[in-house]
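Chemist: See structure.cif below, with mmCIF, C-alpha atoms and all ligand atoms.
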data_protein
loop_
_atom_site.label_atom_id
_atom_site.label_comp_id
_atom_site.auth_asym_id
_atom_site.auth_seq_id
_atom_site.Cartn_x
_atom_site.Cartn_y
_atom_site.Cartn_z
CA MET A 1 24.30 -15.97 8.94
CA PRO A 2 23.98 -18.85 11.37
CA ILE A 3 21.53 -17.88 14.09
CA HIS A 4 23.11 -16.07 17.07
CA ASP A 5 24.25 -18.47 19.79
CA ALA A 6 22.07 -16.90 22.44
CA TYR A 7 18.95 -17.18 20.24
CA ARG A 8 19.88 -20.75 19.29
CA GLN A 9 20.13 -21.69 22.97
CA ARG A 10 16.81 -20.07 23.76
CA LEU A 11 14.95 -21.56 20.79
CA TYR A 12 16.38 -24.89 19.66
CA PRO A 13 15.85 -27.03 22.79
CA ASN A 14 12.08 -26.45 22.54
CA LEU A 15 11.68 -25.96 18.80
CA ALA A 16 10.18 -29.38 18.03
CA GLN A 17 7.56 -28.90 20.78
CA ILE A 18 6.83 -25.32 19.66
CA ALA A 19 6.29 -26.61 16.11
CA ALA A 20 4.04 -29.40 17.38
CA HIS A 21 2.05 -26.94 19.53
CA PHE A 22 1.48 -24.19 16.95
CA GLY A 23 1.89 -26.12 13.71
CA THR A 24 4.16 -25.05 10.86
CA PRO A 25 5.15 -22.84 9.12
CA PHE A 26 5.84 -19.81 11.32
CA HIS A 27 8.18 -16.91 11.78
CA ILE A 28 9.40 -16.72 15.35
CA TYR A 29 11.03 -13.59 16.78
CA ASP A 30 13.34 -13.26 19.77
CA GLU A 31 12.30 -10.57 22.25
CA ALA A 32 15.57 -10.62 24.19
CA GLY A 33 17.69 -10.29 21.03
CA ILE A 34 15.63 -7.38 19.68
CA ARG A 35 15.86 -5.49 22.99
CA GLN A 36 19.62 -6.11 23.18
CA THR A 37 20.22 -4.82 19.64
CA VAL A 38 18.36 -1.56 20.32
CA ARG A 39 20.30 -1.08 23.56
CA ASP A 40 23.59 -1.73 21.73
CA LEU A 41 22.62 0.83 19.08
CA TYR A 42 21.90 3.54 21.67
CA THR A 43 25.10 2.68 23.55
CA ALA A 44 27.21 2.88 20.38
CA PHE A 45 25.81 6.33 19.56
CA GLU A 46 26.09 7.72 23.08
CA GLY A 47 27.04 11.39 23.04
CA LEU A 48 25.27 11.96 19.72
CA PRO A 49 21.78 13.55 19.69
CA PHE A 50 20.55 10.24 18.31
CA GLN A 51 17.04 8.86 17.89
CA GLU A 52 16.08 5.62 16.14
CA PHE A 53 12.77 5.56 14.24
CA PHE A 54 12.23 1.85 13.53
CA ALA A 55 11.08 1.31 9.93
CA VAL A 56 7.66 -0.23 10.54
CA LYS A 57 7.58 -1.83 7.08
CA ALA A 58 10.30 -4.23 8.22
CA LEU A 59 8.16 -5.92 10.89
CA PRO A 60 4.72 -4.36 11.29
CA ASN A 61 3.50 -6.34 14.26
CA PRO A 62 2.15 -4.39 17.26
CA GLN A 63 3.75 -6.77 19.79
CA ILE A 64 7.18 -6.08 18.31
CA LEU A 65 6.49 -2.35 17.92
CA GLY A 66 5.40 -2.27 21.59
CA ILE A 67 8.77 -3.73 22.60
CA LEU A 68 10.59 -1.17 20.45
CA ASN A 69 8.49 1.65 21.91
CA GLN A 70 9.51 0.52 25.40
CA GLU A 71 13.15 0.55 24.29
CA GLY A 72 12.89 4.19 23.21
CA CYS A 73 12.44 3.82 19.45
CA GLY A 74 10.23 6.09 17.39
CA PHE A 75 8.70 4.83 14.14
CA ASP A 76 9.27 5.50 10.46
CA CYS A 77 5.94 5.04 8.68
CA SER A 78 5.27 5.14 4.97
CA SER A 79 1.57 4.35 4.78
CA VAL A 80 -1.65 4.87 6.69
CA PRO A 81 -1.72 1.36 8.22
CA GLU A 82 1.82 1.90 9.49
CA LEU A 83 0.80 5.23 11.06
CA ILE A 84 -2.14 3.51 12.74
CA LEU A 85 0.11 0.75 14.10
CA ALA A 86 2.62 3.25 15.48
CA ARG A 87 -0.11 5.22 17.23
CA GLN A 88 -1.73 2.04 18.55
CA VAL A 89 1.42 1.14 20.44
CA GLY A 90 1.56 4.59 22.01
CA ALA A 91 4.05 6.47 19.81
CA GLN A 92 3.84 10.21 20.42
CA PRO A 93 3.79 12.77 17.56
CA GLY A 94 7.51 13.56 17.96
CA SER A 95 8.28 9.86 17.58
CA ILE A 96 6.60 9.31 14.22
CA PHE A 97 8.31 10.08 10.93
CA PHE A 98 6.13 9.92 7.80
CA THR A 99 8.16 9.17 4.69
CA SER A 100 5.73 8.42 1.91
CA ASN A 101 5.90 8.96 -1.83
CA ASN A 102 3.18 9.56 -4.41
CA THR A 103 1.12 10.65 -1.41
CA THR A 104 -2.51 11.77 -1.44
CA GLN A 105 -4.04 14.63 0.52
CA SER A 106 -6.06 12.24 2.66
CA GLU A 107 -2.90 10.35 3.61
CA PHE A 108 -1.29 13.61 4.71
CA ALA A 109 -4.45 14.46 6.67
CA ILE A 110 -4.11 11.20 8.60
CA ALA A 111 -0.39 11.85 9.16
CA GLN A 112 -1.35 15.24 10.61
CA ALA A 113 -4.15 13.89 12.81
CA ASP A 114 -3.71 12.98 16.49
CA GLY A 115 -0.97 15.54 17.09
CA GLY A 116 0.71 14.85 13.76
CA SER A 117 4.10 13.45 12.82
CA TYR A 118 7.25 14.66 11.12
CA LEU A 119 6.35 15.07 7.45
CA ASN A 120 9.12 14.09 5.07
CA LEU A 121 8.23 15.29 1.57
CA ASP A 122 9.32 13.50 -1.57
CA ASP A 123 8.73 16.52 -3.80
CA ILE A 124 8.11 20.26 -3.34
CA SER A 125 4.73 19.97 -5.12
CA LEU A 126 3.48 17.93 -2.17
CA LEU A 127 3.70 20.89 0.18
CA ASN A 128 0.50 22.30 -1.32
CA ARG A 129 -1.21 18.99 -0.74
CA VAL A 130 -0.62 18.98 3.02
CA PRO A 131 -3.99 20.07 4.47
CA THR A 132 -2.65 22.14 7.42
CA LYS A 133 0.55 24.16 7.13
CA PRO A 134 3.10 22.02 9.02
CA GLU A 135 5.34 23.43 11.77
CA VAL A 136 8.32 21.39 10.56
CA VAL A 137 9.06 20.02 7.11
CA ALA A 138 11.75 17.63 5.93
CA PHE A 139 12.67 16.92 2.34
CA ARG A 140 13.98 13.62 1.04
CA MET A 141 17.11 14.08 -1.05
CA ASN A 142 17.95 12.01 -4.11
CA PRO A 143 21.69 12.63 -4.56
CA GLY A 144 21.69 11.35 -8.13
CA SER A 145 25.26 10.25 -7.53
CA ASP A 146 26.81 6.85 -7.57
CA MET A 147 25.32 5.81 -4.22
CA GLY A 148 22.87 2.93 -4.11
CA ASN A 149 23.21 -0.83 -4.45
CA ALA A 150 21.48 -3.93 -5.78
CA ILE A 151 18.49 -3.81 -3.42
CA ILE A 152 17.79 -0.10 -3.51
CA GLY A 153 18.92 0.62 -7.07
CA LYS A 154 20.70 3.64 -8.55
CA PRO A 155 19.41 7.01 -7.33
CA GLU A 156 19.29 8.46 -10.87
CA VAL A 157 16.63 5.94 -11.84
CA SER A 158 14.89 5.82 -8.48
CA LYS A 159 11.47 7.41 -8.06
CA PHE A 160 12.34 8.66 -4.58
CA GLY A 161 13.36 12.08 -3.40
CA ILE A 162 14.23 15.49 -4.77
CA PRO A 163 17.26 15.81 -7.06
CA ARG A 164 20.24 17.44 -5.37
CA GLU A 165 20.22 20.42 -7.74
CA LYS A 166 16.55 21.21 -6.95
CA LEU A 167 16.80 20.67 -3.22
CA VAL A 168 17.87 24.10 -1.98
CA ASP A 169 15.12 25.68 -4.04
CA ALA A 170 12.58 23.40 -2.35
CA TYR A 171 13.62 24.80 1.04
CA ARG A 172 13.51 28.34 -0.41
CA GLN A 173 9.94 27.79 -1.62
CA ALA A 174 8.91 26.31 1.72
CA GLN A 175 10.43 29.31 3.50
CA SER A 176 8.46 31.63 1.22
CA GLN A 177 5.30 29.80 2.34
CA GLY A 178 6.09 30.62 5.96
CA ILE A 179 7.71 27.37 7.10
CA LYS A 180 10.54 28.06 9.55
CA ARG A 181 11.64 24.69 10.94
CA PHE A 182 13.29 22.06 8.76
CA GLY A 183 14.81 18.62 8.57
CA LEU A 184 16.59 16.65 5.83
CA HIS A 185 16.37 12.98 4.87
CA GLN A 186 18.03 10.46 2.56
CA MET A 187 17.84 6.69 2.06
CA VAL A 188 20.11 5.53 -0.72
CA VAL A 189 21.85 2.45 0.57
CA SER A 190 20.34 -0.79 1.73
CA ASN A 191 21.79 -3.73 3.66
CA GLU A 192 25.18 -2.03 3.73
CA LEU A 193 27.91 -3.74 5.74
CA ASP A 194 30.61 -1.13 5.12
CA ALA A 195 30.47 1.75 7.62
CA GLU A 196 32.41 3.96 5.18
CA VAL A 197 29.61 3.73 2.60
CA LEU A 198 27.03 4.76 5.20
CA LEU A 199 29.31 7.64 6.23
CA ALA A 200 29.80 8.73 2.60
CA SER A 201 26.02 8.90 2.22
CA THR A 202 25.76 10.91 5.47
CA LYS A 203 28.46 13.32 4.32
CA LEU A 204 26.29 14.24 1.32
CA LEU A 205 23.59 15.29 3.77
CA CYS A 206 26.05 17.32 5.85
CA ASP A 207 27.13 19.18 2.70
CA VAL A 208 23.50 20.14 2.06
CA ALA A 209 23.09 21.22 5.69
CA ARG A 210 26.05 23.62 5.29
CA GLN A 211 24.66 25.02 2.05
CA LEU A 212 21.23 25.59 3.64
CA GLN A 213 22.88 27.41 6.52
CA ASP A 214 24.99 29.59 4.21
CA GLU A 215 22.39 30.40 1.55
CA LEU A 216 19.09 30.37 3.43
CA ASP A 217 20.13 30.77 7.06
CA ILE A 218 18.44 27.45 7.86
CA ALA A 219 19.74 25.54 10.87
CA LEU A 220 18.35 22.05 10.36
CA GLU A 221 16.55 20.60 13.39
CA PHE A 222 17.39 17.08 12.32
CA ILE A 223 19.12 15.05 9.68
CA ASN A 224 17.65 11.59 9.06
CA ILE A 225 20.32 9.38 7.53
CA GLY A 226 17.81 6.65 6.67
CA GLY A 227 18.06 2.96 7.36
CA GLY A 228 20.20 0.62 5.35
CA LEU A 229 22.49 -0.72 8.07
CA GLY A 230 23.32 -4.21 6.91
CA ILE A 231 23.34 -7.61 8.56
CA PRO A 232 25.53 -10.52 7.48
CA TYR A 233 23.09 -12.92 5.85
CA GLU A 234 25.93 -15.11 4.59
CA PRO A 235 28.18 -17.01 6.98
CA THR A 236 31.31 -15.52 5.39
CA GLN A 237 30.20 -11.90 5.74
CA LYS A 238 31.53 -9.71 8.52
CA PRO A 239 29.05 -7.69 10.60
CA LEU A 240 28.82 -3.95 10.21
CA ASN A 241 31.34 -2.18 12.45
CA LEU A 242 28.97 -0.06 14.53
CA ALA A 243 31.80 1.57 16.50
CA GLN A 244 33.42 2.71 13.23
CA LEU A 245 30.09 4.16 12.08
CA ALA A 246 29.59 5.94 15.42
CA THR A 247 33.11 7.41 15.33
CA GLY A 248 32.57 8.73 11.81
CA LEU A 249 29.19 10.19 12.74
CA ARG A 250 30.70 11.94 15.78
CA GLU A 251 33.27 13.57 13.48
CA LEU A 252 30.60 14.71 11.04
CA TRP A 253 28.41 15.97 13.89
CA HIS A 254 31.12 18.34 15.26
CA ASP A 255 29.71 20.95 12.90
CA PHE A 256 26.06 20.29 13.83
CA PRO A 257 25.86 20.06 17.62
CA GLN A 258 22.26 21.36 17.65
CA THR A 259 21.00 19.07 14.88
CA LYS A 260 19.41 15.80 15.93
CA LEU A 261 20.60 12.63 14.22
CA PHE A 262 17.70 10.43 13.19
CA MET A 263 18.00 6.93 11.80
CA GLU A 264 15.27 4.61 10.51
CA SER A 265 16.75 1.14 10.51
CA GLY A 266 14.56 -1.89 10.14
CA ARG A 267 16.76 -4.80 9.12
CA TYR A 268 19.54 -4.08 11.60
CA VAL A 269 17.14 -3.98 14.55
CA THR A 270 14.98 -7.06 13.96
CA GLY A 271 16.46 -8.92 10.96
CA PRO A 272 18.71 -11.37 12.79
CA HIS A 273 16.13 -11.98 15.53
CA GLY A 274 13.61 -13.85 13.43
CA VAL A 275 13.62 -17.24 11.72
CA LEU A 276 11.11 -18.98 9.48
CA VAL A 277 10.44 -22.53 10.61
CA THR A 278 9.00 -24.82 7.96
CA ARG A 279 8.52 -28.55 7.56
CA VAL A 280 9.70 -30.75 4.72
CA ILE A 281 6.63 -32.16 2.92
CA THR A 282 8.04 -33.41 -0.40
CA LEU A 283 11.32 -34.80 -1.69
CA LYS A 284 11.69 -34.91 -5.44
CA ASP A 285 14.56 -36.02 -7.62
CA SER A 286 14.50 -34.58 -11.10
CA TYR A 287 17.48 -32.90 -12.79
CA ARG A 288 18.13 -31.68 -9.26
CA ARG A 289 17.03 -32.73 -5.80
CA TYR A 290 14.13 -30.59 -4.60
CA VAL A 291 13.21 -30.26 -0.94
CA GLY A 292 9.60 -29.06 -0.82
CA VAL A 293 8.54 -27.31 2.37
CA ASP A 294 5.19 -26.17 3.76
CA ALA A 295 6.06 -22.44 3.41
CA SER A 296 6.13 -20.65 0.07
CA MET A 297 7.33 -17.32 -1.24
CA PRO A 298 4.54 -15.35 0.51
CA ALA A 299 6.31 -16.15 3.79
CA LEU A 300 9.63 -14.76 2.59
CA MET A 301 9.99 -12.96 -0.71
CA ARG A 302 13.64 -11.92 -0.55
CA PRO A 303 15.25 -15.05 -2.11
CA GLY A 304 12.81 -15.13 -5.04
CA MET A 305 12.70 -11.37 -5.47
CA TYR A 306 16.36 -10.41 -5.07
CA GLY A 307 18.16 -13.75 -5.19
CA ALA A 308 18.94 -12.99 -1.53
CA TYR A 309 20.78 -15.55 0.58
CA HIS A 310 19.12 -16.80 3.76
CA HIS A 311 21.06 -19.33 5.76
CA ILE A 312 19.18 -22.61 6.35
CA GLU A 313 19.71 -25.22 9.03
CA VAL A 314 18.13 -28.64 9.24
CA HIS A 315 16.91 -28.86 12.81
CA ASP A 316 18.33 -31.83 14.73
CA ALA A 317 20.39 -32.99 11.73
CA ALA A 318 22.93 -35.63 12.69
CA THR A 319 26.30 -33.92 13.12
CA ASP A 320 27.98 -36.51 10.88
CA SER A 321 25.32 -36.29 8.14
CA ALA A 322 26.66 -36.07 4.58
CA LEU A 323 25.83 -32.89 2.68
CA GLU A 324 23.74 -33.00 -0.46
CA MET A 325 23.10 -30.23 -2.98
CA VAL A 326 19.43 -29.25 -3.03
CA ASP A 327 16.96 -26.52 -3.99
CA VAL A 328 14.55 -25.69 -1.15
CA VAL A 329 11.20 -24.80 -2.69
CA GLY A 330 7.64 -23.78 -1.85
CA SER A 331 4.38 -24.65 -3.64
CA LEU A 332 3.82 -21.53 -5.78
CA CYS A 333 3.47 -21.92 -9.57
CA GLU A 334 6.53 -19.71 -10.01
CA ASN A 335 9.97 -21.14 -10.57
CA ASN A 336 11.56 -18.47 -8.39
CA ASP A 337 9.59 -19.75 -5.37
CA LYS A 338 12.84 -21.06 -3.90
CA PHE A 339 14.32 -20.37 -0.49
CA ALA A 340 17.69 -21.73 -1.59
CA VAL A 341 19.20 -22.77 -4.89
CA GLN A 342 21.91 -25.43 -5.08
CA ARG A 343 22.60 -25.27 -1.36
CA PRO A 344 24.57 -27.99 0.43
CA LEU A 345 22.40 -29.24 3.32
CA PRO A 346 22.61 -32.30 5.55
CA THR A 347 20.46 -35.15 4.26
CA VAL A 348 16.83 -34.22 4.78
CA LYS A 349 13.89 -36.54 5.55
CA LEU A 350 10.17 -35.94 5.17
CA GLY A 351 8.89 -34.23 8.32
CA ASP A 352 12.19 -32.54 9.19
CA LEU A 353 12.10 -28.93 10.33
CA LEU A 354 14.14 -26.38 8.38
CA VAL A 355 15.12 -23.13 10.06
CA ILE A 356 15.43 -20.33 7.50
CA GLN A 357 17.36 -17.56 9.18
CA ASP A 358 17.46 -13.76 9.40
CA THR A 359 13.78 -13.37 8.56
CA GLY A 360 13.03 -10.78 11.24
CA ALA A 361 12.87 -7.85 8.80
CA HIS A 362 11.26 -7.53 5.37
CA GLY A 363 10.14 -11.16 5.78
CA HIS A 364 6.49 -11.74 6.61
CA SER A 365 5.67 -8.10 5.82
CA MET A 366 6.61 -8.38 2.14
CA GLY A 367 4.45 -11.41 1.41
CA PHE A 368 1.68 -11.42 -1.17
CA ASN A 369 -1.19 -13.75 -2.03
CA TYR A 370 -0.44 -14.73 -5.62
CA ASN A 371 -1.73 -18.17 -6.46
CA GLY A 372 -3.99 -18.07 -3.40
CA ARG A 373 -1.06 -18.96 -1.19
CA LEU A 374 -1.49 -17.66 2.33
CA ARG A 375 0.89 -15.96 4.76
CA PRO A 376 1.92 -17.88 7.85
CA GLN A 377 1.56 -17.11 11.54
CA GLU A 378 4.06 -15.10 13.57
CA LEU A 379 5.22 -16.21 17.02
CA LEU A 380 7.18 -14.36 19.68
CA LEU A 381 9.70 -16.06 21.94
CA ARG A 382 9.42 -14.00 25.11
CA ALA A 383 12.46 -13.30 27.26
CA ASP A 384 11.05 -15.73 29.90
CA GLY A 385 10.98 -18.60 27.38
CA SER A 386 7.23 -18.59 26.78
CA VAL A 387 5.95 -18.39 23.20
CA GLU A 388 2.96 -16.33 22.06
CA ARG A 389 1.18 -16.35 18.74
CA ILE A 390 1.27 -12.68 17.73
CA ARG A 391 -0.40 -13.07 14.34
CA ARG A 392 -2.48 -16.03 13.19
CA ALA A 393 -1.96 -17.61 9.81
CA GLU A 394 -4.18 -16.33 7.01
CA THR A 395 -7.18 -18.52 6.25
CA LEU A 396 -9.19 -19.17 3.13
CA SER A 397 -11.88 -16.85 4.55
CA ASP A 398 -9.33 -14.03 4.60
CA TYR A 399 -8.50 -14.76 0.98
CA PHE A 400 -12.14 -14.82 -0.09
CA ALA A 401 -13.23 -11.88 2.10
CA THR A 402 -12.86 -9.25 -0.62
CA LEU A 403 -14.98 -11.33 -3.01
CA ALA A 404 -17.83 -11.60 -0.55
CA HIS A 405 -19.16 -8.13 -1.37
CA VAL A 406 -20.02 -8.15 -5.05
CA GLU A 407 -21.12 -4.62 -6.11
CA ALA A 408 -24.90 -4.24 -6.37
CA ASP A 409 -24.48 -1.07 -8.43
CA PRO A 410 -22.66 -2.01 -11.64
CA TYR A 411 -21.56 0.58 -14.19
CA GLN A 412 -23.86 0.74 -17.23
CA PRO A 413 -22.50 2.23 -20.46
CA PRO A 414 -24.69 5.00 -22.01
CA GLN A 415 -27.43 3.58 -24.27
CA THR A 416 -26.95 4.44 -27.94
CA PRO A 417 -30.26 5.34 -29.68
C1 LIG B 1 12.39 5.17 3.51
C2 LIG B 1 12.94 3.93 4.16
N1 LIG B 1 13.47 4.04 5.39
C3 LIG B 1 13.96 2.95 6.03
C4 LIG B 1 13.94 1.70 5.46
C5 LIG B 1 14.50 0.55 6.22
O1 LIG B 1 15.58 -0.03 5.60
P1 LIG B 1 16.42 -1.15 6.34
O2 LIG B 1 15.47 -2.13 6.89
O3 LIG B 1 17.27 -1.71 5.24
O4 LIG B 1 17.22 -0.47 7.40
C6 LIG B 1 13.43 1.55 4.17
C7 LIG B 1 13.41 0.22 3.52
O5 LIG B 1 12.83 -0.08 2.56
C8 LIG B 1 12.90 2.69 3.51
O6 LIG B 1 12.37 2.61 2.27
#
In structure tokens, what does this structure look like?
Ligand SMILES: Cc1ncc(COP(=O)(O)O)c(C=O)c1O
Modeler:
Amino acid sequence: MPIHDAYRQRLYPNLAQIAAHFGTPFHIYDEAGIRQTVRDLYTAFEGLPFQEFFAVKALPNPQILGILNQEGCGFDCSSVPELILARQVGAQPGSIFFTSNNTTQSEFAIAQADGGSYLNLDDISLLNRVPTKPEVVAFRMNPGSDMGNAIIGKPEVSKFGIPREKLVDAYRQAQSQGIKRFGLHQMVVSNELDAEVLLASTKLLCDVARQLQDELDIALEFINIGGGLGIPYEPTQKPLNLAQLATGLRELWHDFPQTKLFMESGRYVTGPHGVLVTRVITLKDSYRRYVGVDASMPALMRPGMYGAYHHIEVHDAATDSALEMVDVVGSLCENNDKFAVQRPLPTVKLGDLLVIQDTGAHGHSMGFNYNGRLRPQELLLRADGSVERIRRAETLSDYFATLAHVEADPYQPPQTP
């Protein structure tokens, strides 16, 4: 969606100078906007025993995580590097949720180190793999129902979680191993703009909570309803009605006054507060007009990977400029390396800056290095207007670093006589 007015006013007057100072391309994040969104979330859920665990995978930069820590967020981690980042910014054990899958014993050991974290298990078999018997265990439910959407896929064919019909037995087995404190987790919708869909997914969890109480006398300590709160990427989309979601959650929580409500949003918290700024380096007319920019798919995978829409503005375009239909493309040898396909944009010149919007979550963090293309720098627009580089761009030395240590001890096949 077009960048928020407040962010536009903070960023655009100085954008050309910021680009000249740091060079392009870069993602730039808005500290004030991120803080405001977290505050709005906590205000909307006032009265509920609510705690947000920001999904680190969405924007794993310690400067941003530090801001979120100050605003009272915990962290949802799904890998060892994410655990390390959360601890580095000062997250306490009760503020770290570890939702991994296909997890090794050494990963669990790290999740249990330094005071530990909430362990959210993707299968009952993993309980035996946890090195030290945990105080509290959560299980991730796969409802196998019709929930899910294009990004997250159908639960029945998803690798995540424990099927609904096996779930109660997982708690029974954990009880028999001496575990007494429990939580429950689910993440089956992604980028959802309809509060009713998020509530329908939460209701499934509440049904399980009742069954656990009735059959196993388990009073859940927390229910984690996952992330998945959507943001309007397209100008015509309406934002999620947070008040409607909060009202529905309050109704559902009447029956669970002692159970904490955890959420692990990424996109909703930082998504709209980042943009990717990139410069036009090539204009090509073939069967279509192609606008080539100095960023490629590694800077933002979502359009190429999901066909996702990201709104694009031409910075300082003349207000009366005619629109032309273009594809905005990077330099990767992949035809889906496109930030926009057949998009009407004001006439673009070489050297213009394009502002690709809503890149504050699942943007930089998803990038890969195929084709030797490198990920760009990340900048932070501070609330006082200053701009810091919070991650440098990758260099060729980074790319070649793993080749610099060729094994001196090669495998030799057995000699046949
Ligand atoms: C387990 C889990 N929790 C939370 C999230 C965050 O989702 P979102 O950024 O859409 O809120 C994800 C996203 O991939 C996830 O896999």
Chemist: Between A:Gly183, A:Gly360, A:Pro155, A:Gly227, which residue has the minimum interatomic distance to Leu276 (chain A), considering only C-alpha atoms?
Modeler: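 The answer is A:Gly360, which sits nearest to Leu276 (chain A).
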Chemist: Given all atoms listed in the file as the basis, pick out the residue of A:Pro81, A:Pro62, A:Gly363, A:Pro298 nearest to ligand LIG 1 (chain B).
Modeler: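 Among A:Pro81, A:Pro62, A:Gly363, A:Pro298, it is A:Gly363 that comes nearest to ligand LIG 1 (chain B).
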Chemist: From the list A:Ala393, A:Val188, A:Leu167, A:Ala295, which residue is nearest ligand LIG 1 (chain B) when using all atoms listed in the file?
Modeler: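 Among A:Ala393, A:Val188, A:Leu167, A:Ala295, it is A:Val188 that comes nearest to ligand LIG 1 (chain B).
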Chemist: Name each residue within 8 Å of ligand LIG 1 (chain B), counting all atoms listed in the file, as a PyMOL selection string.
Modeler: chain A and resi 54-55+57-58+76+78+99-100+152+186-187+189-191+226-230+264-269+271+361-362
Chemist: List as a list in words the protein and nucleic acid residues near Arg164 (chain A), meaning an atom at most 7 Å away when only C-alpha atoms are counted, but skip any in the same chain fewer than 6 places from it.
Modeler: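 Listed by chain and then number, they are Met141, Asn142, Pro143 and Gly144 of chain A.
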Chemist: So, with only C-alpha atoms as the atoms that count, which of A:Arg35, A:His27, A:Arg10, A:Arg140 lies closest to Pro376 (chain A)?
Modeler: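 Of A:Arg35, A:His27, A:Arg10, A:Arg140, the one nearest Pro376 (chain A) is A:His27, counting only C-alpha atoms.
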